[in-house]
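Data from start_20.pdb: PDB, C-alpha atoms and all ligand atoms
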MODEL        1
ATOM      1  CA  GLN A  95    -123.381 204.948 156.298
ATOM      2  CA  ALA A  96    -123.508 201.160 155.895
ATOM      3  CA  LYS A  97    -125.631 200.848 159.024
ATOM      4  CA  ASN A  98    -127.990 203.490 157.750
ATOM      5  CA  GLY A  99    -128.331 201.735 154.401
ATOM      6  CA  GLY A 100    -129.087 198.503 156.207
ATOM      7  CA  ARG A 101    -131.779 200.148 158.278
ATOM      8  CA  ASN A 102    -133.359 201.732 155.213
ATOM      9  CA  ARG A 103    -133.359 198.437 153.431
ATOM     10  CA  PHE A 104    -135.038 196.822 156.410
ATOM     11  CA  SER A 105    -137.742 199.449 156.620
ATOM     12  CA  PHE A 106    -138.236 199.117 152.870
ATOM     13  CA  VAL A 107    -138.849 195.376 153.301
ATOM     14  CA  GLU A 108    -141.118 196.155 156.244
ATOM     15  CA  ARG A 109    -143.117 198.591 154.170
ATOM     16  CA  GLN A 110    -143.408 196.045 151.364
ATOM     17  CA  MET A 111    -144.727 193.441 153.816
ATOM     18  CA  ASP A 112    -147.112 195.952 155.284
ATOM     19  CA  GLU A 113    -148.405 196.722 151.818
ATOM     20  CA  ALA A 114    -148.790 193.004 150.988
ATOM     21  CA  LEU A 115    -150.679 192.357 154.238
ATOM     22  CA  ARG A 116    -152.956 195.340 153.660
ATOM     23  CA  LEU A 117    -153.734 194.151 150.146
ATOM     24  CA  ARG A 118    -154.424 190.667 151.442
ATOM     25  CA  LYS A 119    -156.888 192.062 153.974
ATOM     26  CA  VAL A 120    -158.616 194.055 151.236
ATOM     27  CA  VAL A 121    -158.792 190.936 149.064
ATOM     28  CA  GLU A 122    -160.245 188.858 151.887
ATOM     29  CA  ASP A 123    -162.858 191.476 152.686
ATOM     30  CA  ASP A 124    -163.933 192.382 149.167
ATOM     31  CA  LEU A 125    -163.455 189.312 146.939
ATOM     32  CA  ARG A 126    -166.762 187.618 147.672
ATOM     33  CA  LYS A 127    -168.649 190.800 146.835
ATOM     34  CA  ALA A 128    -166.556 191.355 143.731
ATOM     35  CA  ILE A 129    -167.463 187.892 142.411
ATOM     36  CA  GLU A 130    -171.142 188.307 143.288
ATOM     37  CA  ASN A 131    -171.327 191.793 141.773
ATOM     38  CA  ASP A 132    -169.647 190.771 138.521
ATOM     39  CA  GLU A 133    -166.702 193.096 139.172
ATOM     40  CA  LEU A 134    -163.941 190.782 137.933
ATOM     41  CA  VAL A 135    -162.860 191.051 134.304
ATOM     42  CA  LEU A 136    -161.185 188.717 131.860
ATOM     43  CA  HIS A 137    -158.340 189.690 129.620
ATOM     44  CA  TYR A 138    -157.338 187.428 126.754
ATOM     45  CA  GLN A 139    -153.928 186.588 125.347
ATOM     46  CA  PRO A 140    -153.529 185.098 121.853
ATOM     47  CA  GLN A 141    -151.740 181.822 121.219
ATOM     48  CA  VAL A 142    -150.392 181.689 117.674
ATOM     49  CA  GLU A 143    -149.345 178.886 115.381
ATOM     50  CA  ILE A 144    -145.601 179.075 114.805
ATOM     51  CA  ASP A 145    -145.841 178.482 111.032
ATOM     52  CA  ASN A 146    -148.085 181.352 109.999
ATOM     53  CA  TYR A 147    -148.884 183.290 113.205
ATOM     54  CA  THR A 148    -152.581 182.437 112.952
ATOM     55  CA  VAL A 149    -154.327 182.949 116.291
ATOM     56  CA  VAL A 150    -155.485 179.434 117.188
ATOM     57  CA  ALA A 151    -156.512 180.135 120.790
ATOM     58  CA  VAL A 152    -156.889 182.882 123.361
ATOM     59  CA  GLU A 153    -156.185 182.322 127.055
ATOM     60  CA  ALA A 154    -158.563 183.901 129.556
ATOM     61  CA  LEU A 155    -156.703 185.618 132.406
ATOM     62  CA  VAL A 156    -158.718 187.039 135.284
ATOM     63  CA  ARG A 157    -158.141 190.527 136.711
ATOM     64  CA  TRP A 158    -159.796 192.529 139.423
ATOM     65  CA  PRO A 159    -160.177 196.242 138.818
ATOM     66  CA  HIS A 160    -160.488 197.378 142.417
ATOM     67  CA  PRO A 161    -162.127 200.794 142.894
ATOM     68  CA  VAL A 162    -159.467 201.883 145.423
ATOM     69  CA  HIS A 163    -156.450 199.653 144.838
ATOM     70  CA  GLY A 164    -156.407 199.573 141.057
ATOM     71  CA  MET A 165    -156.000 196.489 138.880
ATOM     72  CA  ILE A 166    -155.205 193.460 141.071
ATOM     73  CA  ALA A 167    -153.342 190.547 139.442
ATOM     74  CA  PRO A 168    -154.623 186.959 139.776
ATOM     75  CA  GLU A 169    -151.598 185.865 141.762
ATOM     76  CA  LYS A 170    -152.757 188.285 144.494
ATOM     77  CA  PHE A 171    -156.236 186.790 144.877
ATOM     78  CA  ILE A 172    -156.476 183.223 143.492
ATOM     79  CA  THR A 173    -154.828 181.745 146.605
ATOM     80  CA  VAL A 174    -157.110 183.751 148.874
ATOM     81  CA  ALA A 175    -160.087 182.536 146.850
ATOM     82  CA  GLU A 176    -158.894 178.960 147.377
ATOM     83  CA  GLU A 177    -158.399 179.447 151.119
ATOM     84  CA  ARG A 178    -161.739 181.174 151.575
ATOM     85  CA  GLY A 179    -163.815 178.663 149.636
ATOM     86  CA  LEU A 180    -164.479 181.211 146.889
ATOM     87  CA  ILE A 181    -162.594 179.453 144.114
ATOM     88  CA  ILE A 182    -165.601 177.409 142.966
ATOM     89  CA  ALA A 183    -167.720 180.529 142.455
ATOM     90  CA  LEU A 184    -164.794 182.394 140.900
ATOM     91  CA  GLY A 185    -163.957 179.476 138.606
ATOM     92  CA  GLU A 186    -167.556 179.151 137.450
ATOM     93  CA  TRP A 187    -167.720 182.855 136.756
ATOM     94  CA  VAL A 188    -164.535 182.639 134.667
ATOM     95  CA  LEU A 189    -165.782 179.603 132.708
ATOM     96  CA  ARG A 190    -169.111 181.219 131.908
ATOM     97  CA  ARG A 191    -167.656 184.609 130.976
ATOM     98  CA  ALA A 192    -164.896 183.066 128.828
ATOM     99  CA  CYS A 193    -167.220 180.657 126.971
ATOM    100  CA  THR A 194    -169.705 183.495 126.377
ATOM    101  CA  ASP A 195    -167.008 185.827 125.008
ATOM    102  CA  ALA A 196    -165.559 183.003 122.893
ATOM    103  CA  MET A 197    -168.818 182.769 120.924
ATOM    104  CA  ARG A 198    -167.607 185.962 119.196
ATOM    105  CA  TRP A 199    -164.477 184.199 117.956
ATOM    106  CA  PRO A 200    -165.477 181.201 115.825
ATOM    107  CA  GLY A 201    -162.659 178.829 114.991
ATOM    108  CA  VAL A 202    -160.529 180.041 117.896
ATOM    109  CA  ARG A 203    -160.098 177.876 120.981
ATOM    110  CA  ILE A 204    -160.678 179.344 124.420
ATOM    111  CA  ALA A 205    -158.086 178.365 127.039
ATOM    112  CA  ILE A 206    -159.256 178.581 130.649
ATOM    113  CA  ASN A 207    -157.120 178.153 133.780
ATOM    114  CA  VAL A 208    -158.490 175.791 136.382
ATOM    115  CA  SER A 209    -157.274 175.715 139.976
ATOM    116  CA  ALA A 210    -156.474 172.296 141.459
ATOM    117  CA  ILE A 211    -159.095 172.735 144.176
ATOM    118  CA  GLN A 212    -161.678 173.674 141.581
ATOM    119  CA  PHE A 213    -160.768 170.653 139.464
ATOM    120  CA  ARG A 214    -161.062 168.286 142.427
ATOM    121  CA  HIS A 215    -164.555 169.521 143.279
ATOM    122  CA  ARG A 216    -167.063 166.682 142.964
ATOM    123  CA  ASP A 217    -169.279 168.542 140.481
ATOM    124  CA  PHE A 218    -166.507 169.989 138.341
ATOM    125  CA  VAL A 219    -167.140 167.987 135.174
ATOM    126  CA  SER A 220    -170.908 168.449 135.268
ATOM    127  CA  ASP A 221    -170.496 172.181 136.012
ATOM    128  CA  VAL A 222    -168.169 172.593 133.022
ATOM    129  CA  MET A 223    -170.501 170.676 130.718
ATOM    130  CA  ARG A 224    -173.553 172.620 131.885
ATOM    131  CA  ILE A 225    -171.816 175.936 131.185
ATOM    132  CA  ILE A 226    -170.661 174.704 127.762
ATOM    133  CA  THR A 227    -174.225 173.664 126.912
ATOM    134  CA  ASP A 228    -175.699 176.928 128.241
ATOM    135  CA  CYS A 229    -173.294 178.993 126.134
ATOM    136  CA  GLY A 230    -173.751 176.801 123.074
ATOM    137  CA  ILE A 231    -170.016 176.535 122.491
ATOM    138  CA  ASP A 232    -168.518 173.526 120.726
ATOM    139  CA  PRO A 233    -166.696 171.632 123.533
ATOM    140  CA  THR A 234    -163.755 170.912 121.219
ATOM    141  CA  ARG A 235    -163.041 174.664 121.303
ATOM    142  CA  VAL A 236    -162.701 174.631 125.091
ATOM    143  CA  GLU A 237    -159.227 173.950 126.437
ATOM    144  CA  LEU A 238    -158.752 173.662 130.196
ATOM    145  CA  GLU A 239    -155.289 174.558 131.482
ATOM    146  CA  LEU A 240    -154.385 172.401 134.464
ATOM    147  CA  THR A 241    -151.187 172.449 136.497
ATOM    148  CA  GLU A 242    -149.284 169.431 137.714
ATOM    149  CA  SER A 243    -150.756 169.920 141.209
ATOM    150  CA  VAL A 244    -154.093 168.710 139.819
ATOM    151  CA  VAL A 245    -152.799 165.226 139.131
ATOM    152  CA  VAL A 246    -150.405 164.856 142.060
ATOM    153  CA  LYS A 247    -153.129 164.570 144.706
ATOM    154  CA  ASP A 248    -155.717 161.828 144.249
ATOM    155  CA  ALA A 249    -154.520 160.774 140.835
ATOM    156  CA  ASP A 250    -157.329 158.252 140.329
ATOM    157  CA  ALA A 251    -160.101 160.836 140.709
ATOM    158  CA  ALA A 252    -158.213 163.261 138.468
ATOM    159  CA  GLU A 253    -157.775 160.616 135.820
ATOM    160  CA  GLU A 254    -161.477 159.805 135.891
ATOM    161  CA  ALA A 255    -162.487 163.467 135.513
ATOM    162  CA  MET A 256    -160.001 163.947 132.686
ATOM    163  CA  ILE A 257    -161.236 160.912 130.782
ATOM    164  CA  GLU A 258    -164.802 162.143 131.156
ATOM    165  CA  LEU A 259    -163.956 165.654 129.934
ATOM    166  CA  ARG A 260    -162.042 164.285 126.956
ATOM    167  CA  ALA A 261    -164.959 162.008 126.108
ATOM    168  CA  HIS A 262    -167.077 165.166 125.833
ATOM    169  CA  GLY A 263    -164.482 166.637 123.474
ATOM    170  CA  VAL A 264    -162.959 169.146 125.914
ATOM    171  CA  ARG A 265    -159.214 169.648 125.433
ATOM    172  CA  LEU A 266    -156.715 169.521 128.297
ATOM    173  CA  ALA A 267    -153.433 171.387 128.528
ATOM    174  CA  LEU A 268    -150.713 170.908 131.130
ATOM    175  CA  ASP A 269    -149.749 174.438 132.167
ATOM    176  CA  ASP A 270    -146.407 175.606 133.584
ATOM    177  CA  PHE A 271    -144.788 172.375 132.462
ATOM    178  CA  GLY A 272    -141.494 171.652 134.161
ATOM    179  CA  THR A 273    -142.108 173.636 137.350
ATOM    180  CA  GLY A 274    -144.209 171.129 139.311
ATOM    181  CA  TYR A 275    -143.474 167.954 141.189
ATOM    182  CA  SER A 276    -144.935 165.383 138.873
ATOM    183  CA  SER A 277    -142.843 162.798 137.163
ATOM    184  CA  LEU A 278    -142.729 162.288 133.444
ATOM    185  CA  ILE A 279    -144.827 159.158 133.837
ATOM    186  CA  TYR A 280    -147.849 161.434 134.396
ATOM    187  CA  LEU A 281    -147.587 162.595 130.825
ATOM    188  CA  ARG A 282    -148.205 159.084 129.635
ATOM    189  CA  ARG A 283    -150.867 158.249 132.186
ATOM    190  CA  PHE A 284    -152.981 161.380 131.863
ATOM    191  CA  ALA A 285    -154.700 162.280 128.639
ATOM    192  CA  PHE A 286    -153.333 165.734 127.916
ATOM    193  CA  ASP A 287    -153.612 167.244 124.442
ATOM    194  CA  LYS A 288    -150.968 169.848 124.996
ATOM    195  CA  ILE A 289    -148.133 170.973 127.226
ATOM    196  CA  LYS A 290    -147.196 174.572 127.886
ATOM    197  CA  ILE A 291    -143.544 175.171 128.602
ATOM    198  CA  ASP A 292    -143.277 177.429 131.619
ATOM    199  CA  ARG A 293    -142.173 180.972 131.018
ATOM    200  CA  SER A 294    -139.272 180.633 133.479
ATOM    201  CA  PHE A 295    -137.391 178.392 131.016
ATOM    202  CA  LEU A 296    -137.557 181.094 128.356
ATOM    203  CA  GLU A 297    -136.604 183.926 130.682
ATOM    204  CA  ALA A 298    -133.038 182.702 130.874
ATOM    205  CA  ALA A 299    -133.141 181.472 127.328
ATOM    206  CA  GLU A 300    -130.238 181.979 125.161
ATOM    207  CA  THR A 301    -129.901 179.512 122.368
ATOM    208  CA  THR A 302    -127.233 177.732 124.375
ATOM    209  CA  GLY A 303    -126.921 176.812 128.020
ATOM    210  CA  GLU A 304    -128.973 174.769 130.447
ATOM    211  CA  SER A 305    -132.371 176.394 129.860
ATOM    212  CA  ALA A 306    -131.949 175.832 126.153
ATOM    213  CA  ILE A 307    -131.168 172.159 126.732
ATOM    214  CA  LEU A 308    -134.268 171.808 128.912
ATOM    215  CA  ILE A 309    -136.521 173.535 126.383
ATOM    216  CA  HIS A 310    -135.075 171.335 123.662
ATOM    217  CA  SER A 311    -135.850 168.199 125.703
ATOM    218  CA  ILE A 312    -139.389 169.304 126.565
ATOM    219  CA  VAL A 313    -140.252 170.087 122.943
ATOM    220  CA  HIS A 314    -138.934 166.736 121.764
ATOM    221  CA  LEU A 315    -140.646 164.846 124.568
ATOM    222  CA  GLY A 316    -143.982 166.528 123.818
ATOM    223  CA  ARG A 317    -143.695 165.901 120.098
ATOM    224  CA  ALA A 318    -142.702 162.274 120.625
ATOM    225  CA  LEU A 319    -145.817 161.747 122.760
ATOM    226  CA  GLY A 320    -147.988 163.332 120.069
ATOM    227  CA  LEU A 321    -148.827 166.405 122.141
ATOM    228  CA  THR A 322    -149.120 169.987 120.995
ATOM    229  CA  VAL A 323    -146.232 171.976 122.445
ATOM    230  CA  THR A 324    -146.845 175.620 123.320
ATOM    231  CA  ALA A 325    -144.230 178.007 124.660
ATOM    232  CA  GLU A 326    -145.423 180.801 126.946
ATOM    233  CA  GLY A 327    -143.625 184.056 127.684
ATOM    234  CA  VAL A 328    -142.163 184.536 124.207
ATOM    235  CA  GLU A 329    -140.841 188.096 124.127
ATOM    236  CA  THR A 330    -138.101 188.225 121.500
ATOM    237  CA  HIS A 331    -137.450 187.229 117.903
ATOM    238  CA  GLU A 332    -134.423 185.231 119.079
ATOM    239  CA  GLN A 333    -136.668 183.082 121.260
ATOM    240  CA  LEU A 334    -139.116 182.734 118.378
ATOM    241  CA  GLU A 335    -136.447 181.472 115.977
ATOM    242  CA  PHE A 336    -134.980 179.161 118.592
ATOM    243  CA  LEU A 337    -138.412 177.608 119.255
ATOM    244  CA  ARG A 338    -139.098 177.328 115.550
ATOM    245  CA  ALA A 339    -135.871 175.421 114.977
ATOM    246  CA  LEU A 340    -136.852 172.979 117.740
ATOM    247  CA  GLY A 341    -140.287 172.293 116.235
ATOM    248  CA  CYS A 342    -142.444 173.958 118.891
ATOM    249  CA  HIS A 343    -146.062 174.222 117.633
ATOM    250  CA  GLU A 344    -147.610 177.283 119.277
ATOM    251  CA  LEU A 345    -146.409 180.464 120.916
ATOM    252  CA  GLN A 346    -147.817 182.878 123.457
ATOM    253  CA  GLY A 347    -146.138 185.985 124.742
ATOM    254  CA  TYR A 348    -145.648 189.716 124.678
ATOM    255  CA  LEU A 349    -143.925 189.454 121.269
ATOM    256  CA  PHE A 350    -147.390 188.899 119.798
ATOM    257  CA  SER A 351    -149.658 190.438 122.384
ATOM    258  CA  LYS A 352    -150.051 191.111 126.060
ATOM    259  CA  PRO A 353    -153.345 189.976 127.575
ATOM    260  CA  VAL A 354    -155.957 192.439 126.222
ATOM    261  CA  THR A 355    -159.698 193.072 126.484
ATOM    262  CA  ALA A 356    -162.253 191.066 124.486
ATOM    263  CA  GLU A 357    -162.777 194.126 122.265
ATOM    264  CA  GLU A 358    -159.081 194.227 121.470
ATOM    265  CA  ILE A 359    -159.179 190.513 120.550
ATOM    266  CA  ASP A 360    -161.980 191.394 118.087
ATOM    267  CA  VAL A 361    -159.601 193.873 116.461
ATOM    268  CA  ILE A 362    -156.654 191.442 116.358
ATOM    269  CA  LEU A 363    -158.750 188.669 114.792
ATOM    270  CA  ALA A 364    -160.135 191.032 112.168
ATOM    271  CA  GLN A 365    -156.587 191.720 110.934
ATOM    272  CA  PRO A 366    -154.944 188.592 109.639
ATOM    273  CA  GLY A 367    -151.394 189.507 108.856
ATOM    274  CA  THR A 368    -147.753 188.889 109.155
ATOM    275  CA  LEU A 369    -145.865 188.865 112.410
ATOM    276  CA  GLU A 370    -144.582 192.352 111.673
ATOM    277  CA  GLU A 371    -148.098 193.650 111.044
ATOM    278  CA  ARG A 372    -149.339 191.900 114.146
ATOM    279  CA  ALA A 373    -146.496 193.237 116.224
ATOM    280  CA  THR A 374    -147.246 196.754 115.013
ATOM    281  CA  LEU A 375    -150.916 196.302 115.792
ATOM    282  CA  VAL A 376    -150.016 194.958 119.200
ATOM    283  CA  LYS A 377    -147.889 198.008 119.926
ATOM    284  CA  LYS A 378    -150.937 200.153 119.209
ATOM    285  CA  VAL A 379    -153.349 198.215 121.406
ATOM    286  CA  ALA A 380    -150.945 197.314 124.222
ATOM    287  CA  ARG A 381    -151.718 198.874 127.578
TER
HETATM  288  P1  LIG A 401    -150.507 181.205 133.529
HETATM  289  O1  LIG A 401    -151.753 180.450 133.277
HETATM  290  O2  LIG A 401    -149.228 180.461 133.361
HETATM  291  O3  LIG A 401    -150.592 182.469 132.566
HETATM  292  C1  LIG A 401    -149.487 183.069 131.963
HETATM  293  C2  LIG A 401    -149.041 184.317 132.703
HETATM  294  O4  LIG A 401    -147.866 184.823 132.081
HETATM  295  C3  LIG A 401    -150.061 185.455 132.675
HETATM  296  O5  LIG A 401    -149.937 186.208 133.879
HETATM  297  C4  LIG A 401    -149.567 186.268 131.481
HETATM  298  O6  LIG A 401    -149.977 187.616 131.527
HETATM  299  C5  LIG A 401    -148.078 186.136 131.643
HETATM  300  N1  LIG A 401    -147.368 186.312 130.373
HETATM  301  C6  LIG A 401    -147.752 185.884 129.142
HETATM  302  N2  LIG A 401    -146.827 186.181 128.211
HETATM  303  C7  LIG A 401    -145.821 186.822 128.852
HETATM  304  C8  LIG A 401    -144.567 187.390 128.422
HETATM  305  O7  LIG A 401    -144.202 187.368 127.238
HETATM  306  N3  LIG A 401    -143.799 187.958 129.387
HETATM  307  C9  LIG A 401    -144.173 188.012 130.688
HETATM  308  N4  LIG A 401    -143.365 188.594 131.557
HETATM  309  N5  LIG A 401    -145.350 187.491 131.130
HETATM  310  C10 LIG A 401    -146.166 186.895 130.225
HETATM  311  P2  LIG A 401    -151.209 186.642 134.734
HETATM  312  O8  LIG A 401    -152.319 187.076 133.820
HETATM  313  O9  LIG A 401    -150.754 187.605 135.778
HETATM  314  O10 LIG A 401    -151.669 185.306 135.406
HETATM  315  C11 LIG A 401    -150.840 184.669 136.332
HETATM  316  C12 LIG A 401    -151.364 183.317 136.719
HETATM  317  O11 LIG A 401    -152.603 183.435 137.435
HETATM  318  C13 LIG A 401    -151.681 182.414 135.529
HETATM  319  O12 LIG A 401    -150.508 181.816 135.031
HETATM  320  C14 LIG A 401    -152.623 181.423 136.158
HETATM  321  O13 LIG A 401    -151.908 180.417 136.843
HETATM  322  C15 LIG A 401    -153.358 182.281 137.187
HETATM  323  N6  LIG A 401    -154.680 182.654 136.632
HETATM  324  C16 LIG A 401    -154.995 183.651 135.777
HETATM  325  N7  LIG A 401    -156.325 183.665 135.501
HETATM  326  C17 LIG A 401    -156.852 182.629 136.192
HETATM  327  C18 LIG A 401    -158.177 182.091 136.323
HETATM  328  O14 LIG A 401    -159.151 182.551 135.706
HETATM  329  N8  LIG A 401    -158.337 181.000 137.152
HETATM  330  C19 LIG A 401    -157.276 180.427 137.818
HETATM  331  N9  LIG A 401    -157.522 179.366 138.623
HETATM  332  N10 LIG A 401    -156.028 180.907 137.714
HETATM  333  C20 LIG A 401    -155.809 181.985 136.907
HETATM  334 MG    MG A 402    -152.460 179.252 131.869
HETATM  335 MG    MG A 403    -148.388 178.981 132.435
HETATM  336 MG    MG A 404    -148.391 180.266 135.897
ENDMDL
END
For the file at hand, write its structure as structure tokens.
Amino acid sequence: QAKNGGRNRFSFVERQMDEALRLRKVVEDDLRKAIENDELVLHYQPQVEIDNYTVVAVEALVRWPHPVHGMIAPEKFITVAEERGLIIALGEWVLRRACTDAMRWPGVRIAINVSAIQFRHRDFVSDVMRIITDCGIDPTRVELELTESVVVKDADAAEEAMIELRAHGVRLALDDFGTGYSSLIYLRRFAFDKIKIDRSFLEAAETTGESAILIHSIVHLGRALGLTVTAEGVETHEQLEFLRALGCHELQGYLFSKPVTAEEIDVILAQPGTLEERATLVKKVAR
């Protein structure tokens, strides 16, 4: 009985690995074509101000609706894109699509994830500025989300690119804060406008305990340095109230909305309302 269970578990793991390898092969074979043929799509997730639940930004999150394998999540293909030298093309596509869509949402910032390899590319700053000019978007509405890996390697070059982007008015957010390898000194050295507390801190979040202490410290650190503090992965009213009590500025998470299509963002922005109204609306449009 026990032996049998063990064997089943093993074959289950084997099947999972098989599946993962198959998907990886599909991604490797088809990703270049998907980028070239405009087959990727962007979903957008609102970031709301904690005081009045106004949508202040939407984050662009890339997805790949594969004709055979269904919707593929970014975590399944971003790494492959980096390994295969496709991340520059993919990143440019995302920037252009997101800035173009954002023209429909005046007054709302557009947050765009940037891979470390993409950021380190020699032409990154000029590519970003060219796309911003082409789209006619105000650069102060563009917020690039970088992870700590961007600044860990070749810090001098990263610093230079960041200063240049900020000089053009582009905003910089430090994504997944608290999960990387960088030391706190980076926060002072690099000119970020905002930090995003990683979702993993909130997952375990009760209003007491170690995660709560860490969230508390991050919020206070960010505020003390004059940065906007955004919490990602907010799913419950308890988390909301906890973050409010700490003085967190902005929230993003399923409590307000999952990532949705551009058309669904149009609908959300057309309905200013209370959290309850928004939550009800979100229930209707959630997929
Ligand atoms: P991220 O930038 O930290 O984005 C937040 C992720 O958390 C998204 O996953 C989002 O759907 C998810 N999320 C947001 N709120 C909640 C919540 O309340 N509960 C839960 N369980 N999850 C929540 P997604 O869309 O699968 O993206 C995963 C990661 O892929 C992103 O993490 C980002 O690092 C990367 N990524 C996405 N789009 C792009 C892109 O265009 N370029 C690059 N380079 N990376 C991207
Ligand atoms: Mg992000
Ligand atoms: Mg994040
Ligand atoms: Mg992440």
Which residues of stretch 227-291 of chain A come within 8 Å of stretch 315-332 of chain A, and for each one, what is the closest pair of atoms and their distance in Å to one decimal, counting all atoms listed in the file, sorted by chain and residue number, as CSV?
residue,atom,partner,partner_atom,distance
A:Arg282,CA,A:Leu319,CA,7.7
A:Phe286,CA,A:Leu321,CA,7.4
A:Asp287,CA,A:Leu321,CA,5.4
A:Lys288,CA,A:Thr322,CA,4.4
A:Ile289,CA,A:Val323,CA,5.2
A:Lys290,CA,A:Thr324,CA,4.7
A:Ile291,CA,A:Ala325,CA,4.9
So that I have them on file, write out the residues from the current selection with C-alpha atoms, as a PDB file, in the frame of the given file.
ATOM      1  CA  ARG A 282    -148.205 159.084 129.635  1.00  0.00           C
ATOM      2  CA  PHE A 286    -153.333 165.734 127.916  1.00  0.00           C
ATOM      3  CA  ASP A 287    -153.612 167.244 124.442  1.00  0.00           C
ATOM      4  CA  LYS A 288    -150.968 169.848 124.996  1.00  0.00           C
ATOM      5  CA  ILE A 289    -148.133 170.973 127.226  1.00  0.00           C
ATOM      6  CA  LYS A 290    -147.196 174.572 127.886  1.00  0.00           C
ATOM      7  CA  ILE A 291    -143.544 175.171 128.602  1.00  0.00           C
TER       8      ILE A 291
END
Give me the result of the PyMOL selection byres (((not hetatm)) within 12 of (chain A and resi 404)) on this file, residue by residue, as a list in words.
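Selected by the PyMOL selection byres (((not hetatm)) within 12 of (chain A and resi 404)) in this file: Glu153, Leu155, Ala167, Pro168, Glu169, Ile172, Asn207, Val208, Ser209, Glu239, Leu240, Thr241, Glu242, Ser243, Leu268, Asp269, Asp270, Phe271, Gly272, Thr273, Gly274, Lys290, Ile291, Asp292, Arg293, Ser294, Glu326 and Gly327 of chain A.
In terms of minimum interatomic distance to A:Ala306, A:Leu337 ranks closest within A:Leu337, A:Val107, A:Val174, A:Ile225, counting only C-alpha atoms.
Proximity ranking of A:Val246, A:Met256, A:Ala261, A:Val162 relative to A:Val121 places A:Val162 first, based on only C-alpha atoms.
Distance annotation: of A:Val156, A:Met165, A:Leu189, A:Leu115, the residue with the minimal separation from ligand LIG 401 (chain A) is A:Val156; atom set is all atoms listed in the file.
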Pull out every residue that the PyMOL selection byres (((chain A and resi 141) around 10) and not hetatm) matches in the shown coordinates and put them as a list in words.
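When the PyMOL selection byres (((chain A and resi 141) around 10) and not hetatm) is applied, the selected residues are Tyr138, Gln139, Pro140, Val142, Glu143, Ile144, Tyr147, Thr148, Val149, Val150, Ala151, Val152, Glu153, Val202, Arg203, Ile204, Ala205, Thr324, Ala325, Glu326, Glu344, Leu345, Gln346, Gly347, Phe350 and Ser351 of chain A.
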Exercise: residues within 12 Å of coordinate (-166.5, 185.7, 125.7), counting all atoms listed in the file, as a PyMOL selection string
chain A and resi 135-138+152-155+187-200+202-206+226+229-231+236+355-357+359-360
Dump of C-alpha atoms for the selected residues, as a PDB file, keeping the file's coordinate frame:
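Output below, filename selection_9.pdb:
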ATOM      1  CA  VAL A 135    -162.860 191.051 134.304  1.00  0.00           C
ATOM      2  CA  LEU A 136    -161.185 188.717 131.860  1.00  0.00           C
ATOM      3  CA  HIS A 137    -158.340 189.690 129.620  1.00  0.00           C
ATOM      4  CA  TYR A 138    -157.338 187.428 126.754  1.00  0.00           C
ATOM      5  CA  VAL A 152    -156.889 182.882 123.361  1.00  0.00           C
ATOM      6  CA  GLU A 153    -156.185 182.322 127.055  1.00  0.00           C
ATOM      7  CA  ALA A 154    -158.563 183.901 129.556  1.00  0.00           C
ATOM      8  CA  LEU A 155    -156.703 185.618 132.406  1.00  0.00           C
ATOM      9  CA  TRP A 187    -167.720 182.855 136.756  1.00  0.00           C
ATOM     10  CA  VAL A 188    -164.535 182.639 134.667  1.00  0.00           C
ATOM     11  CA  LEU A 189    -165.782 179.603 132.708  1.00  0.00           C
ATOM     12  CA  ARG A 190    -169.111 181.219 131.908  1.00  0.00           C
ATOM     13  CA  ARG A 191    -167.656 184.609 130.976  1.00  0.00           C
ATOM     14  CA  ALA A 192    -164.896 183.066 128.828  1.00  0.00           C
ATOM     15  CA  CYS A 193    -167.220 180.657 126.971  1.00  0.00           C
ATOM     16  CA  THR A 194    -169.705 183.495 126.377  1.00  0.00           C
ATOM     17  CA  ASP A 195    -167.008 185.827 125.008  1.00  0.00           C
ATOM     18  CA  ALA A 196    -165.559 183.003 122.893  1.00  0.00           C
ATOM     19  CA  MET A 197    -168.818 182.769 120.924  1.00  0.00           C
ATOM     20  CA  ARG A 198    -167.607 185.962 119.196  1.00  0.00           C
ATOM     21  CA  TRP A 199    -164.477 184.199 117.956  1.00  0.00           C
ATOM     22  CA  PRO A 200    -165.477 181.201 115.825  1.00  0.00           C
ATOM     23  CA  VAL A 202    -160.529 180.041 117.896  1.00  0.00           C
ATOM     24  CA  ARG A 203    -160.098 177.876 120.981  1.00  0.00           C
ATOM     25  CA  ILE A 204    -160.678 179.344 124.420  1.00  0.00           C
ATOM     26  CA  ALA A 205    -158.086 178.365 127.039  1.00  0.00           C
ATOM     27  CA  ILE A 206    -159.256 178.581 130.649  1.00  0.00           C
ATOM     28  CA  ILE A 226    -170.661 174.704 127.762  1.00  0.00           C
ATOM     29  CA  CYS A 229    -173.294 178.993 126.134  1.00  0.00           C
ATOM     30  CA  GLY A 230    -173.751 176.801 123.074  1.00  0.00           C
ATOM     31  CA  ILE A 231    -170.016 176.535 122.491  1.00  0.00           C
ATOM     32  CA  VAL A 236    -162.701 174.631 125.091  1.00  0.00           C
ATOM     33  CA  THR A 355    -159.698 193.072 126.484  1.00  0.00           C
ATOM     34  CA  ALA A 356    -162.253 191.066 124.486  1.00  0.00           C
ATOM     35  CA  GLU A 357    -162.777 194.126 122.265  1.00  0.00           C
ATOM     36  CA  ILE A 359    -159.179 190.513 120.550  1.00  0.00           C
ATOM     37  CA  ASP A 360    -161.980 191.394 118.087  1.00  0.00           C
TER      38      ASP A 360
END
For atom O9 of ligand LIG 401 (chain A) and atom CA of A:Pro159, determine how far apart the two atoms are, in Å to one decimal place.
13.1 Å
Smallest atom-to-atom distance to ligand MG 402 (chain A): which of A:Ala255, A:Leu184, A:Ala267, A:Met223, using all atoms listed in the file?
A:Ala267
Atom-to-atom span, atom O14 of ligand LIG 401 (chain A) and atom CA of A:Glu186, Å
9.2 Å
